[in-house]
file input-v9.pdb (PDB, C-alpha atoms and all ligand atoms)
ATOM      1  CA  MET A   1       0.000   0.000   0.000
ATOM      2  CA  ALA A   2       1.246   3.455  -0.780
ATOM      3  CA  VAL A   3       0.797   6.324   1.651
ATOM      4  CA  VAL A   4       0.352   9.857   0.392
ATOM      5  CA  GLY A   5       2.326  12.227   2.596
ATOM      6  CA  LYS A   6       2.561  15.991   2.861
ATOM      7  CA  HIS A   7       2.771  17.862  -0.454
ATOM      8  CA  GLY A   8       1.227  14.841  -2.229
ATOM      9  CA  LYS A   9       4.491  12.839  -2.100
ATOM     10  CA  ARG A  10       3.958   9.081  -2.305
ATOM     11  CA  TYR A  11       5.703   6.878   0.244
ATOM     12  CA  LEU A  12       5.875   3.084   0.198
ATOM     13  CA  GLU A  13       4.886   1.113   3.258
ATOM     14  CA  ALA A  14       7.348  -1.512   4.427
ATOM     15  CA  SER A  15       5.181  -4.361   3.054
ATOM     16  CA  GLU A  16       5.308  -3.045  -0.517
ATOM     17  CA  PRO A  17       8.293  -4.250  -2.569
ATOM     18  CA  ALA A  18      10.810  -1.490  -3.108
ATOM     19  CA  GLU A  19      10.653   0.107  -6.527
ATOM     20  CA  PRO A  20      13.158  -1.671  -8.797
ATOM     21  CA  ARG A  21      15.960   0.466 -10.088
ATOM     22  CA  PRO A  22      17.660   0.067 -13.460
ATOM     23  CA  GLY A  23      19.918  -2.953 -13.273
ATOM     24  CA  GLN A  24      17.971  -4.570 -10.420
ATOM     25  CA  TRP A  25      15.203  -6.182 -12.412
ATOM     26  CA  GLY A  26      15.740  -9.315 -14.462
ATOM     27  CA  SER A  27      14.053  -8.137 -17.621
ATOM     28  CA  PHE A  28      11.720  -5.449 -18.861
ATOM     29  CA  GLU A  29       8.957  -8.047 -19.052
ATOM     30  CA  GLU A  30       9.365  -8.616 -15.302
ATOM     31  CA  LEU A  31       9.186  -4.907 -14.733
ATOM     32  CA  VAL A  32       5.914  -4.685 -16.622
ATOM     33  CA  GLU A  33       4.609  -7.636 -14.645
ATOM     34  CA  TRP A  34       5.665  -5.914 -11.420
ATOM     35  CA  SER A  35       4.007  -2.671 -12.440
ATOM     36  CA  GLY A  36       0.655  -4.455 -12.664
ATOM     37  CA  MET A  37       0.078  -2.726 -15.972
ATOM     38  CA  LEU A  38      -0.886  -5.797 -17.966
ATOM     39  CA  GLU A  39      -3.625  -6.711 -15.513
ATOM     40  CA  ASP A  40      -4.813  -3.163 -15.151
ATOM     41  CA  ARG A  41      -4.466  -2.178 -18.794
ATOM     42  CA  PRO A  42      -4.387  -5.228 -21.080
ATOM     43  CA  PRO A  43      -3.608  -4.370 -24.705
ATOM     44  CA  VAL A  44      -6.623  -3.044 -26.606
ATOM     45  CA  ALA A  45      -7.861  -3.783 -30.113
ATOM     46  CA  THR A  46      -5.561  -2.189 -32.674
ATOM     47  CA  GLY A  47      -6.052  -0.803 -36.132
ATOM     48  CA  GLU A  48      -5.056  -2.765 -39.222
ATOM     49  CA  THR A  49      -1.409  -1.739 -38.922
ATOM     50  CA  GLY A  50      -0.996  -1.916 -35.133
ATOM     51  CA  VAL A  51       0.359  -4.759 -32.959
ATOM     52  CA  ASP A  52      -1.495  -6.766 -30.305
ATOM     53  CA  HIS A  53       1.041  -6.449 -27.490
ATOM     54  CA  TYR A  54       2.945  -3.798 -25.579
ATOM     55  CA  ILE A  55       6.526  -3.055 -26.471
ATOM     56  CA  VAL A  56       8.426  -2.486 -23.287
ATOM     57  CA  GLN A  57      10.942   0.207 -23.906
ATOM     58  CA  PRO A  58      11.840   2.792 -21.299
ATOM     59  CA  PHE A  59      13.309   5.992 -22.612
ATOM     60  CA  GLN A  60      14.976   9.063 -21.264
ATOM     61  CA  LEU A  61      14.634  12.470 -22.809
ATOM     62  CA  LEU A  62      18.198  13.707 -23.181
ATOM     63  CA  SER A  63      17.384  17.021 -24.763
ATOM     64  CA  ILE A  64      14.610  19.014 -26.412
ATOM     65  CA  TYR A  65      17.035  21.174 -28.421
ATOM     66  CA  PRO A  66      17.800  19.023 -30.366
ATOM     67  CA  ARG A  67      15.105  16.430 -29.643
ATOM     68  CA  ALA A  68      17.204  13.499 -28.413
ATOM     69  CA  TYR A  69      16.063  10.347 -26.644
ATOM     70  CA  LEU A  70      18.007   7.521 -25.067
ATOM     71  CA  TYR A  71      16.544   4.006 -25.184
ATOM     72  CA  PRO A  72      18.460   1.824 -22.698
ATOM     73  CA  ARG A  73      18.846  -1.866 -23.608
ATOM     74  CA  PHE A  74      17.165  -1.329 -26.959
ATOM     75  CA  ILE A  75      18.843  -4.451 -28.343
ATOM     76  CA  ASN A  76      20.364  -7.358 -26.430
ATOM     77  CA  ASP A  77      23.929  -8.654 -26.705
ATOM     78  CA  THR A  78      23.022 -11.355 -29.250
ATOM     79  CA  VAL A  79      21.603  -8.760 -31.648
ATOM     80  CA  ALA A  80      24.508  -6.338 -31.077
ATOM     81  CA  ASP A  81      27.078  -9.091 -31.655
ATOM     82  CA  ARG A  82      25.328 -10.178 -34.868
ATOM     83  CA  PHE A  83      25.819  -6.709 -36.382
ATOM     84  CA  ILE A  84      29.539  -6.891 -35.610
ATOM     85  CA  GLU A  85      29.881 -10.458 -36.882
ATOM     86  CA  ILE A  86      28.368  -9.571 -40.267
ATOM     87  CA  ALA A  87      29.970  -6.133 -40.646
ATOM     88  CA  SER A  88      33.481  -7.333 -39.686
ATOM     89  CA  LYS A  89      33.728  -9.250 -42.952
ATOM     90  CA  GLN A  90      33.167  -6.246 -45.198
ATOM     91  CA  LEU A  91      34.692  -3.140 -43.600
ATOM     92  CA  SER A  92      36.312  -0.337 -45.545
ATOM     93  CA  ARG A  93      37.269   3.239 -44.751
ATOM     94  CA  SER A  94      34.095   5.295 -43.992
ATOM     95  CA  GLY A  95      33.026   7.731 -46.707
ATOM     96  CA  LEU A  96      31.377  11.150 -46.662
ATOM     97  CA  ALA A  97      28.790  13.025 -48.698
ATOM     98  CA  LEU A  98      30.684  15.903 -50.312
ATOM     99  CA  ARG A  99      29.374  19.465 -50.472
ATOM    100  CA  LYS A 100      29.174  21.213 -53.850
ATOM    101  CA  GLY A 101      32.702  21.637 -55.214
ATOM    102  CA  GLU A 102      34.367  19.775 -52.324
ATOM    103  CA  LYS A 103      37.062  17.115 -52.899
ATOM    104  CA  MET A 104      37.427  13.937 -50.850
ATOM    105  CA  THR A 105      41.035  14.810 -49.967
ATOM    106  CA  GLU A 106      39.841  17.988 -48.197
ATOM    107  CA  GLN A 107      37.570  15.880 -46.003
ATOM    108  CA  GLU A 108      39.871  12.957 -45.239
ATOM    109  CA  ASP A 109      40.350  13.849 -41.606
ATOM    110  CA  VAL A 110      36.648  14.465 -40.839
ATOM    111  CA  ARG A 111      35.779  10.806 -40.432
ATOM    112  CA  THR A 112      38.459   8.237 -39.702
ATOM    113  CA  SER A 113      36.392   5.161 -38.806
ATOM    114  CA  SER A 114      35.838   2.047 -40.905
ATOM    115  CA  GLY A 115      32.350   1.004 -41.864
ATOM    116  CA  THR A 116      29.945  -0.770 -44.132
ATOM    117  CA  PHE A 117      26.303  -0.648 -45.168
ATOM    118  CA  LEU A 118      24.024  -3.519 -44.162
ATOM    119  CA  GLY A 119      20.496  -4.366 -45.225
ATOM    120  CA  VAL A 120      18.068  -6.448 -43.218
ATOM    121  CA  LYS A 121      18.486  -9.926 -44.673
ATOM    122  CA  ASP A 122      19.511 -11.199 -41.258
ATOM    123  CA  PRO A 123      16.403 -11.651 -39.039
ATOM    124  CA  LEU A 124      18.063 -10.062 -36.005
ATOM    125  CA  LEU A 125      18.958  -6.935 -37.978
ATOM    126  CA  ALA A 126      15.418  -6.876 -39.363
ATOM    127  CA  PHE A 127      14.045  -7.182 -35.814
ATOM    128  CA  ALA A 128      16.097  -4.175 -34.652
ATOM    129  CA  GLU A 129      14.900  -2.152 -37.636
ATOM    130  CA  GLU A 130      11.277  -3.028 -36.940
ATOM    131  CA  LYS A 131      11.722  -1.946 -33.342
ATOM    132  CA  ILE A 132      13.108   1.396 -34.552
ATOM    133  CA  ALA A 133      10.040   1.728 -36.777
ATOM    134  CA  ARG A 134       7.703   1.120 -33.863
ATOM    135  CA  VAL A 135       9.456   3.456 -31.472
ATOM    136  CA  THR A 136       9.741   6.309 -33.970
ATOM    137  CA  GLY A 137       6.393   5.671 -35.668
ATOM    138  CA  ILE A 138       8.135   5.780 -39.043
ATOM    139  CA  PRO A 139       7.804   2.675 -41.257
ATOM    140  CA  SER A 140      11.007   0.897 -42.259
ATOM    141  CA  GLY A 141      10.402   1.869 -45.887
ATOM    142  CA  TYR A 142      11.622   5.355 -44.976
ATOM    143  CA  MET A 143      14.929   4.070 -43.671
ATOM    144  CA  GLU A 144      18.346   3.831 -45.260
ATOM    145  CA  PRO A 145      20.345   0.618 -44.804
ATOM    146  CA  TYR A 146      22.351   0.461 -41.564
ATOM    147  CA  ASN A 147      25.721   2.135 -41.638
ATOM    148  CA  VAL A 148      27.815   0.046 -39.247
ATOM    149  CA  LEU A 149      30.882   1.840 -37.918
ATOM    150  CA  ARG A 150      34.019   0.710 -36.161
ATOM    151  CA  TYR A 151      36.247   3.232 -34.391
ATOM    152  CA  GLU A 152      39.606   2.112 -33.087
ATOM    153  CA  ASN A 153      42.006   4.064 -30.904
ATOM    154  CA  GLY A 154      42.104   7.749 -31.840
ATOM    155  CA  GLN A 155      39.433   7.435 -34.534
ATOM    156  CA  HIS A 156      36.642  10.005 -34.616
ATOM    157  CA  TYR A 157      33.930  11.698 -36.642
ATOM    158  CA  TYR A 158      34.049  15.486 -36.411
ATOM    159  CA  SER A 159      30.756  17.239 -35.751
ATOM    160  CA  HIS A 160      28.414  17.407 -38.717
ATOM    161  CA  LEU A 161      24.736  17.393 -39.666
ATOM    162  CA  ASP A 162      23.157  14.221 -41.015
ATOM    163  CA  ALA A 163      20.615  16.213 -43.059
ATOM    164  CA  PHE A 164      21.707  17.875 -46.305
ATOM    165  CA  PRO A 165      21.193  21.666 -46.272
ATOM    166  CA  GLU A 166      20.229  22.782 -49.768
ATOM    167  CA  LYS A 167      22.747  25.627 -49.747
ATOM    168  CA  ASP A 168      25.604  23.130 -49.368
ATOM    169  CA  TYR A 169      24.332  20.056 -51.202
ATOM    170  CA  GLY A 170      21.813  21.397 -53.713
ATOM    171  CA  PRO A 171      18.137  20.380 -53.965
ATOM    172  CA  GLN A 172      17.307  17.015 -52.381
ATOM    173  CA  ASN A 173      14.725  14.469 -53.506
ATOM    174  CA  SER A 174      14.312  13.394 -49.926
ATOM    175  CA  GLN A 175      15.778  14.556 -46.669
ATOM    176  CA  ARG A 176      17.080  12.858 -43.518
ATOM    177  CA  ILE A 177      14.723  13.699 -40.675
ATOM    178  CA  ALA A 178      15.934  11.509 -37.824
ATOM    179  CA  THR A 179      18.927   9.417 -36.839
ATOM    180  CA  VAL A 180      19.096   6.365 -34.603
ATOM    181  CA  LEU A 181      22.456   5.191 -33.309
ATOM    182  CA  LEU A 182      22.606   1.651 -31.970
ATOM    183  CA  TYR A 183      25.635   1.177 -29.745
ATOM    184  CA  LEU A 184      27.088  -2.276 -30.320
ATOM    185  CA  THR A 185      29.890  -2.078 -27.753
ATOM    186  CA  SER A 186      30.587  -0.185 -24.568
ATOM    187  CA  VAL A 187      33.724   1.920 -24.832
ATOM    188  CA  GLU A 188      36.204   2.077 -21.957
ATOM    189  CA  GLU A 189      37.235   5.665 -22.587
ATOM    190  CA  GLY A 190      36.275   8.287 -25.157
ATOM    191  CA  GLY A 191      34.063   7.590 -28.160
ATOM    192  CA  GLU A 192      31.135   9.640 -26.865
ATOM    193  CA  THR A 193      28.504  11.041 -29.188
ATOM    194  CA  VAL A 194      28.579  14.800 -28.717
ATOM    195  CA  PHE A 195      26.007  17.517 -29.460
ATOM    196  CA  LEU A 196      28.007  20.733 -29.390
ATOM    197  CA  LEU A 197      24.986  23.033 -29.788
ATOM    198  CA  GLU A 198      22.615  21.423 -27.300
ATOM    199  CA  GLY A 199      20.356  23.743 -25.353
ATOM    200  CA  ALA A 200      17.628  26.315 -25.883
ATOM    201  CA  LYS A 201      20.333  28.911 -26.590
ATOM    202  CA  GLY A 202      22.747  26.433 -28.141
ATOM    203  CA  LEU A 203      22.791  28.246 -31.479
ATOM    204  CA  GLU A 204      24.434  31.248 -29.827
ATOM    205  CA  ARG A 205      27.573  29.083 -29.584
ATOM    206  CA  LEU A 206      27.612  28.410 -33.326
ATOM    207  CA  PRO A 207      30.191  31.121 -34.139
ATOM    208  CA  THR A 208      32.645  29.890 -31.504
ATOM    209  CA  ILE A 209      32.469  26.097 -31.521
ATOM    210  CA  ASP A 210      35.320  23.954 -32.762
ATOM    211  CA  TYR A 211      33.897  21.092 -34.860
ATOM    212  CA  LYS A 212      36.912  18.959 -33.992
ATOM    213  CA  LYS A 213      36.396  19.170 -30.245
ATOM    214  CA  CYS A 214      33.997  17.608 -27.745
ATOM    215  CA  ASP A 215      34.177  20.409 -25.214
ATOM    216  CA  THR A 216      30.652  21.844 -25.028
ATOM    217  CA  GLY A 217      27.007  20.711 -25.151
ATOM    218  CA  ILE A 218      26.183  17.161 -24.052
ATOM    219  CA  LYS A 219      27.951  13.866 -24.546
ATOM    220  CA  TYR A 220      26.595  10.340 -24.416
ATOM    221  CA  LYS A 221      29.047   7.585 -23.494
ATOM    222  CA  PRO A 222      28.392   4.424 -25.575
ATOM    223  CA  ARG A 223      26.851   1.534 -23.684
ATOM    224  CA  LYS A 224      26.328  -1.768 -25.497
ATOM    225  CA  GLY A 225      22.692  -2.289 -26.508
ATOM    226  CA  ASP A 226      21.504   1.295 -25.993
ATOM    227  CA  ALA A 227      19.958   3.360 -28.777
ATOM    228  CA  LEU A 228      20.047   7.112 -29.222
ATOM    229  CA  LEU A 229      17.414   8.796 -31.355
ATOM    230  CA  PHE A 230      17.642  12.413 -32.399
ATOM    231  CA  TRP A 231      15.619  14.441 -34.832
ATOM    232  CA  ASP A 232      17.465  16.250 -37.597
ATOM    233  CA  ILE A 233      14.494  18.502 -38.222
ATOM    234  CA  MET A 234      12.426  20.757 -35.982
ATOM    235  CA  PRO A 235       8.632  20.407 -35.520
ATOM    236  CA  THR A 236       8.324  23.040 -38.251
ATOM    237  CA  GLY A 237       9.983  20.676 -40.719
ATOM    238  CA  ARG A 238      13.050  22.906 -41.063
ATOM    239  CA  LEU A 239      16.516  21.471 -40.447
ATOM    240  CA  ASP A 240      17.653  21.705 -36.829
ATOM    241  CA  GLN A 241      21.196  22.987 -36.653
ATOM    242  CA  ARG A 242      21.332  21.913 -33.014
ATOM    243  CA  ALA A 243      21.325  18.321 -34.301
ATOM    244  CA  LEU A 244      24.986  18.916 -35.127
ATOM    245  CA  HIS A 245      26.782  15.932 -33.602
ATOM    246  CA  GLY A 246      30.004  13.983 -33.772
ATOM    247  CA  GLY A 247      31.843  10.909 -32.526
ATOM    248  CA  CYS A 248      34.617  11.898 -30.089
ATOM    249  CA  PRO A 249      37.970  10.129 -30.410
ATOM    250  CA  VAL A 250      38.122   6.680 -28.879
ATOM    251  CA  ILE A 251      40.796   6.672 -26.197
ATOM    252  CA  GLN A 252      40.549   3.108 -24.974
ATOM    253  CA  GLY A 253      38.586   0.185 -26.389
ATOM    254  CA  THR A 254      36.802  -0.248 -29.707
ATOM    255  CA  LYS A 255      33.554   1.486 -30.530
ATOM    256  CA  TRP A 256      31.063  -0.221 -32.804
ATOM    257  CA  ALA A 257      27.802   1.494 -33.680
ATOM    258  CA  ALA A 258      25.085   1.094 -36.290
ATOM    259  CA  THR A 259      23.563   4.275 -37.664
ATOM    260  CA  LYS A 260      20.036   4.260 -39.084
ATOM    261  CA  TRP A 261      19.073   7.364 -41.039
ATOM    262  CA  ILE A 262      15.386   7.984 -41.521
ATOM    263  CA  ARG A 263      14.085   9.962 -44.496
ATOM    264  CA  ASN A 264      10.947  11.939 -45.197
ATOM    265  CA  ARG A 265      10.140   9.882 -48.291
ATOM    266  CA  CYS A 266       9.642   6.189 -48.713
ATOM    267  CA  MET A 267      12.667   4.466 -50.216
ATOM    268  CA  ARG A 268      11.436   0.874 -50.511
ATOM    269  CA  PRO A 269       8.699  -1.038 -52.332
ATOM    270  CA  SER A 270       7.149  -1.953 -48.946
ATOM    271  CA  CYS A 271       5.375   1.396 -48.571
ATOM    272  CA  ILE A 272       4.672   1.728 -52.264
ATOM    273  CA  ASP A 273       2.834  -1.619 -52.078
ATOM    274  CA  LYS A 274       0.843  -0.469 -49.080
ATOM    275  CA  GLY A 275      -0.169   2.708 -50.837
ATOM    276  CA  VAL A 276       1.324   5.000 -48.193
ATOM    277  CA  VAL A 277       3.826   6.806 -50.388
ATOM    278  CA  GLU A 278       4.206  10.522 -49.826
TER     279      GLU A 278
HETATM  280  O1  LIG B 301      29.794   7.593 -33.783
HETATM  281  C1  LIG B 301      29.015   8.412 -33.349
HETATM  282  O2  LIG B 301      28.819   8.539 -32.139
HETATM  283  C2  LIG B 301      28.284   9.314 -34.288
HETATM  284  C3  LIG B 301      28.065   8.688 -35.633
HETATM  285  C4  LIG B 301      27.514   9.679 -36.596
HETATM  286  O3  LIG B 301      27.624  10.841 -36.375
HETATM  287  C5  LIG B 301      26.845   9.276 -37.812
HETATM  288  O4  LIG B 301      26.892   8.099 -38.180
HETATM  289  O5  LIG B 301      26.233  10.164 -38.445
END
call {"tool": "encode", "arguments": {"input": "input-v9.pdb", "output": "structure tokens", "more": "lines below"}}
Ligand SMILES: O=C(O)CCC(=O)C(=O)O
result
Amino acid sequence: MAVVGKHGKRYLEASEPAEPRPGQWGSFEELVEWSGMLEDRPPVATGETGVDHYIVQPFQLLSIYPRAYLYPRFINDTVADRFIEIASKQLSRSGLALRKGEKMTEQEDVRTSSGTFLGVKDPLLAFAEEKIARVTGIPSGYMEPYNVLRYENGQHYYSHLDAFPEKDYGPQNSQRIATVLLYLTSVEEGGETVFLLEGAKGLERLPTIDYKKCDTGIKYKPRKGDALLFWDIMPTGRLDQRALHGGCPVIQGTKWAATKWIRNRCMRPSCIDKGVVE
């Protein structure tokens, strides 16, 4: 039984089990069981394209400017390891989209990781993609293939936008609107994802930031299995410059991550078939 104290604060009586804390419960399913939610609120009838069960996925709002969410334990170790197993066989030096008139040699130092693109032939990779679709509410047809990245000691990705501003890249047929990073390893030191311009007034720092550094804004330290979602556009549909982000140099350990870029136009036959193309 809970007791409501002064100022409406809820206290637990000794007989009630203590509230589990992250790391103390066996699984998210157990947590849902413990919460009593399934008994109290069993799943309801869905529409044609819904699912008949709850998806248990806690999240933490990391920032509103840019909109960034952390999903702890989004994938388990088996799924994370599968990405690495497949990607390891086909790595090459990571590439970059060049701005108008830019040459690759000018950009060599911007991104020093290795990487590869992976589709969803493997069922575990397909499962992770479907989970991203459900959490973001954006069907997988709007998603690019995974870009799996490996950063070894000293390797980095200087801060950049994932979207393509028209002034730099010319008119776009479709635009990146959101990014999901799946962290496939924990990193002992370094390798954080940084948002240099985070904050309601983050843009005021734009003239002074150093794209090569990780010294302002917020940083997320990679933890195996976690996912980080951030929106590359604002609610208005315009590009959010505060979504500028980078991968800080790895100091100790190896960082593996899988990036999933989400577009504003369907890229695959799946949504064309379903008649939901925009
Ligand atoms: O490695 C990271 O933390 C960031 C990766 C990234 O910026 C990207 O793939 O666009």
call {"tool": "closest_atom_pairs", "arguments": {"input": "input-v9.pdb", "of": "chain A", "to": "ligand LIG 301 (chain B)", "cutoff": "8 Å", "atoms": "all atoms listed in the file", "output": "Markdown table"}}
result
| residue | atom | partner | partner_atom | distance |
| --- | --- | --- | --- | --- |
| A:Asn147 | CA | B:LIG301 | O4 | 7.0 |
| A:Leu149 | CA | B:LIG301 | O1 | 7.2 |
| A:Tyr151 | CA | B:LIG301 | O1 | 7.8 |
| A:His156 | CA | B:LIG301 | O1 | 7.3 |
| A:Tyr157 | CA | B:LIG301 | O3 | 6.4 |
| A:Tyr158 | CA | B:LIG301 | O3 | 7.9 |
| A:Ser159 | CA | B:LIG301 | O3 | 7.2 |
| A:His160 | CA | B:LIG301 | O3 | 7.0 |
| A:Leu161 | CA | B:LIG301 | O5 | 7.5 |
| A:Asp162 | CA | B:LIG301 | O5 | 5.7 |
| A:Thr179 | CA | B:LIG301 | O5 | 7.5 |
| A:Leu181 | CA | B:LIG301 | C3 | 7.0 |
| A:Gly191 | CA | B:LIG301 | O2 | 6.7 |
| A:Glu192 | CA | B:LIG301 | O2 | 5.9 |
| A:Thr193 | CA | B:LIG301 | O2 | 3.9 |
| A:Val194 | CA | B:LIG301 | O2 | 7.1 |
| A:Pro222 | CA | B:LIG301 | O2 | 7.8 |
| A:His245 | CA | B:LIG301 | O3 | 5.9 |
| A:Gly246 | CA | B:LIG301 | O3 | 4.7 |
| A:Gly247 | CA | B:LIG301 | C1 | 3.9 |
| A:Cys248 | CA | B:LIG301 | O2 | 7.0 |
| A:Lys255 | CA | B:LIG301 | O1 | 7.9 |
| A:Trp256 | CA | B:LIG301 | O1 | 8.0 |
| A:Ala257 | CA | B:LIG301 | O1 | 6.4 |
| A:Ala258 | CA | B:LIG301 | O4 | 7.5 |
| A:Thr259 | CA | B:LIG301 | O4 | 5.1 |
| A:Lys260 | CA | B:LIG301 | O4 | 7.9 |
call {"tool": "write_last_selection", "arguments": {"input": "input-v9.pdb", "atoms": "C-alpha atoms", "output": "mmCIF file, keeping the file's coordinate frame"}}
result
data_model
loop_
_atom_site.group_PDB
_atom_site.id
_atom_site.type_symbol
_atom_site.label_atom_id
_atom_site.label_comp_id
_atom_site.auth_asym_id
_atom_site.auth_seq_id
_atom_site.Cartn_x
_atom_site.Cartn_y
_atom_site.Cartn_z
ATOM 1 C CA ASN A 147 25.721 2.135 -41.638
ATOM 2 C CA LEU A 149 30.882 1.840 -37.918
ATOM 3 C CA TYR A 151 36.247 3.232 -34.391
ATOM 4 C CA HIS A 156 36.642 10.005 -34.616
ATOM 5 C CA TYR A 157 33.930 11.698 -36.642
ATOM 6 C CA TYR A 158 34.049 15.486 -36.411
ATOM 7 C CA SER A 159 30.756 17.239 -35.751
ATOM 8 C CA HIS A 160 28.414 17.407 -38.717
ATOM 9 C CA LEU A 161 24.736 17.393 -39.666
ATOM 10 C CA ASP A 162 23.157 14.221 -41.015
ATOM 11 C CA THR A 179 18.927 9.417 -36.839
ATOM 12 C CA LEU A 181 22.456 5.191 -33.309
ATOM 13 C CA GLY A 191 34.063 7.590 -28.160
ATOM 14 C CA GLU A 192 31.135 9.640 -26.865
ATOM 15 C CA THR A 193 28.504 11.041 -29.188
ATOM 16 C CA VAL A 194 28.579 14.800 -28.717
ATOM 17 C CA PRO A 222 28.392 4.424 -25.575
ATOM 18 C CA HIS A 245 26.782 15.932 -33.602
ATOM 19 C CA GLY A 246 30.004 13.983 -33.772
ATOM 20 C CA GLY A 247 31.843 10.909 -32.526
ATOM 21 C CA CYS A 248 34.617 11.898 -30.089
ATOM 22 C CA LYS A 255 33.554 1.486 -30.530
ATOM 23 C CA TRP A 256 31.063 -0.221 -32.804
ATOM 24 C CA ALA A 257 27.802 1.494 -33.680
ATOM 25 C CA ALA A 258 25.085 1.094 -36.290
ATOM 26 C CA THR A 259 23.563 4.275 -37.664
ATOM 27 C CA LYS A 260 20.036 4.260 -39.084
#
call {"tool": "residues_around", "arguments": {"input": "input-v9.pdb", "residues": "segment 125-132 of chain A", "least_positions_apart": "2", "cutoff": "9 Å", "atoms": "all atoms listed in the file", "output": "NGL selection string"}}
result
:A and (55 or 74-75 or 79-80 or 82-83 or 118-123 or 134-140 or 143 or 146 or 180 or 260)
call {"tool": "atom_distance", "arguments": {"input": "input-v9.pdb", "atom1": "atom CA of Met267 of chain A", "atom2": "atom CA of Arg176 of chain A"}}
result
11.6 Å
call {"tool": "atom_distance", "arguments": {"input": "input-v9.pdb", "atom1": "atom CA of Leu197 of chain A", "atom2": "atom CA of Arg242 of chain A"}}
result
5.0 Å
call {"tool": "atom_distance", "arguments": {"input": "input-v9.pdb", "atom1": "atom CA of Lys201 of chain A", "atom2": "atom CA of Gln241 of chain A"}}
result
11.7 Å
call {"tool": "closest_residue", "arguments": {"input": "input-v9.pdb", "among": "A:Ser174, A:Lys213, A:Trp231, A:Glu166", "to": "Glu144 of chain A", "atoms": "only C-alpha atoms"}}
result
A:Ser174
call {"tool": "closest_residue", "arguments": {"input": "input-v9.pdb", "among": "A:Gly225, A:Pro66, A:Gly170, A:Pro269", "to": "Leu239 of chain A", "atoms": "all atoms listed in the file"}}
result
A:Pro66
call {"tool": "closest_residue", "arguments": {"input": "input-v9.pdb", "among": "A:Leu228, A:Ala68, A:Ala243, A:Ala163", "to": "Ala97 of chain A", "atoms": "all atoms listed in the file"}}
result
A:Ala163
call {"tool": "closest_residue", "arguments": {"input": "input-v9.pdb", "among": "A:Val148, A:Leu70, A:Ile262, A:Val110", "to": "Lys221 of chain A", "atoms": "all atoms listed in the file"}}
result
A:Leu70
call {"tool": "residues_around", "arguments": {"input": "input-v9.pdb", "residues": "Thr208 of chain A", "least_positions_apart": "6", "cutoff": "12 Å", "atoms": "only C-alpha atoms", "output": "list in words"}}
result
Leu196, Leu197, Gly202, Asp215 and Thr216 of chain A
call {"tool": "axis_aligned_box", "arguments": {"input": "input-v9.pdb", "around": "segment 73-85 of chain A", "padding_each_side": "3 Å", "output": "lines of an AutoDock Vina configuration file"}}
result
center_x = 23.5
center_y = -6.3
center_z = -30.2
size_x = 18.7
size_y = 16.0
size_z = 19.3
call {"tool": "residues_around", "arguments": {"input": "input-v9.pdb", "residues": "Ser92 of chain A", "least_positions_apart": "4", "cutoff": "10 Å", "atoms": "only C-alpha atoms", "output": "PyMOL selection string"}}
result
chain A and resi 87-88+113-116+149-150
call {"tool": "closest_residue", "arguments": {"input": "input-v9.pdb", "among": "A:Leu184, A:Ala45, A:Cys214, A:Val250", "to": "Asp226 of chain A", "atoms": "all atoms listed in the file"}}
result
A:Leu184
call {"tool": "closest_residue", "arguments": {"input": "input-v9.pdb", "among": "A:Ile177, A:Ala133, A:Leu124, A:Leu91", "to": "Ile233 of chain A", "atoms": "only C-alpha atoms"}}
result
A:Ile177
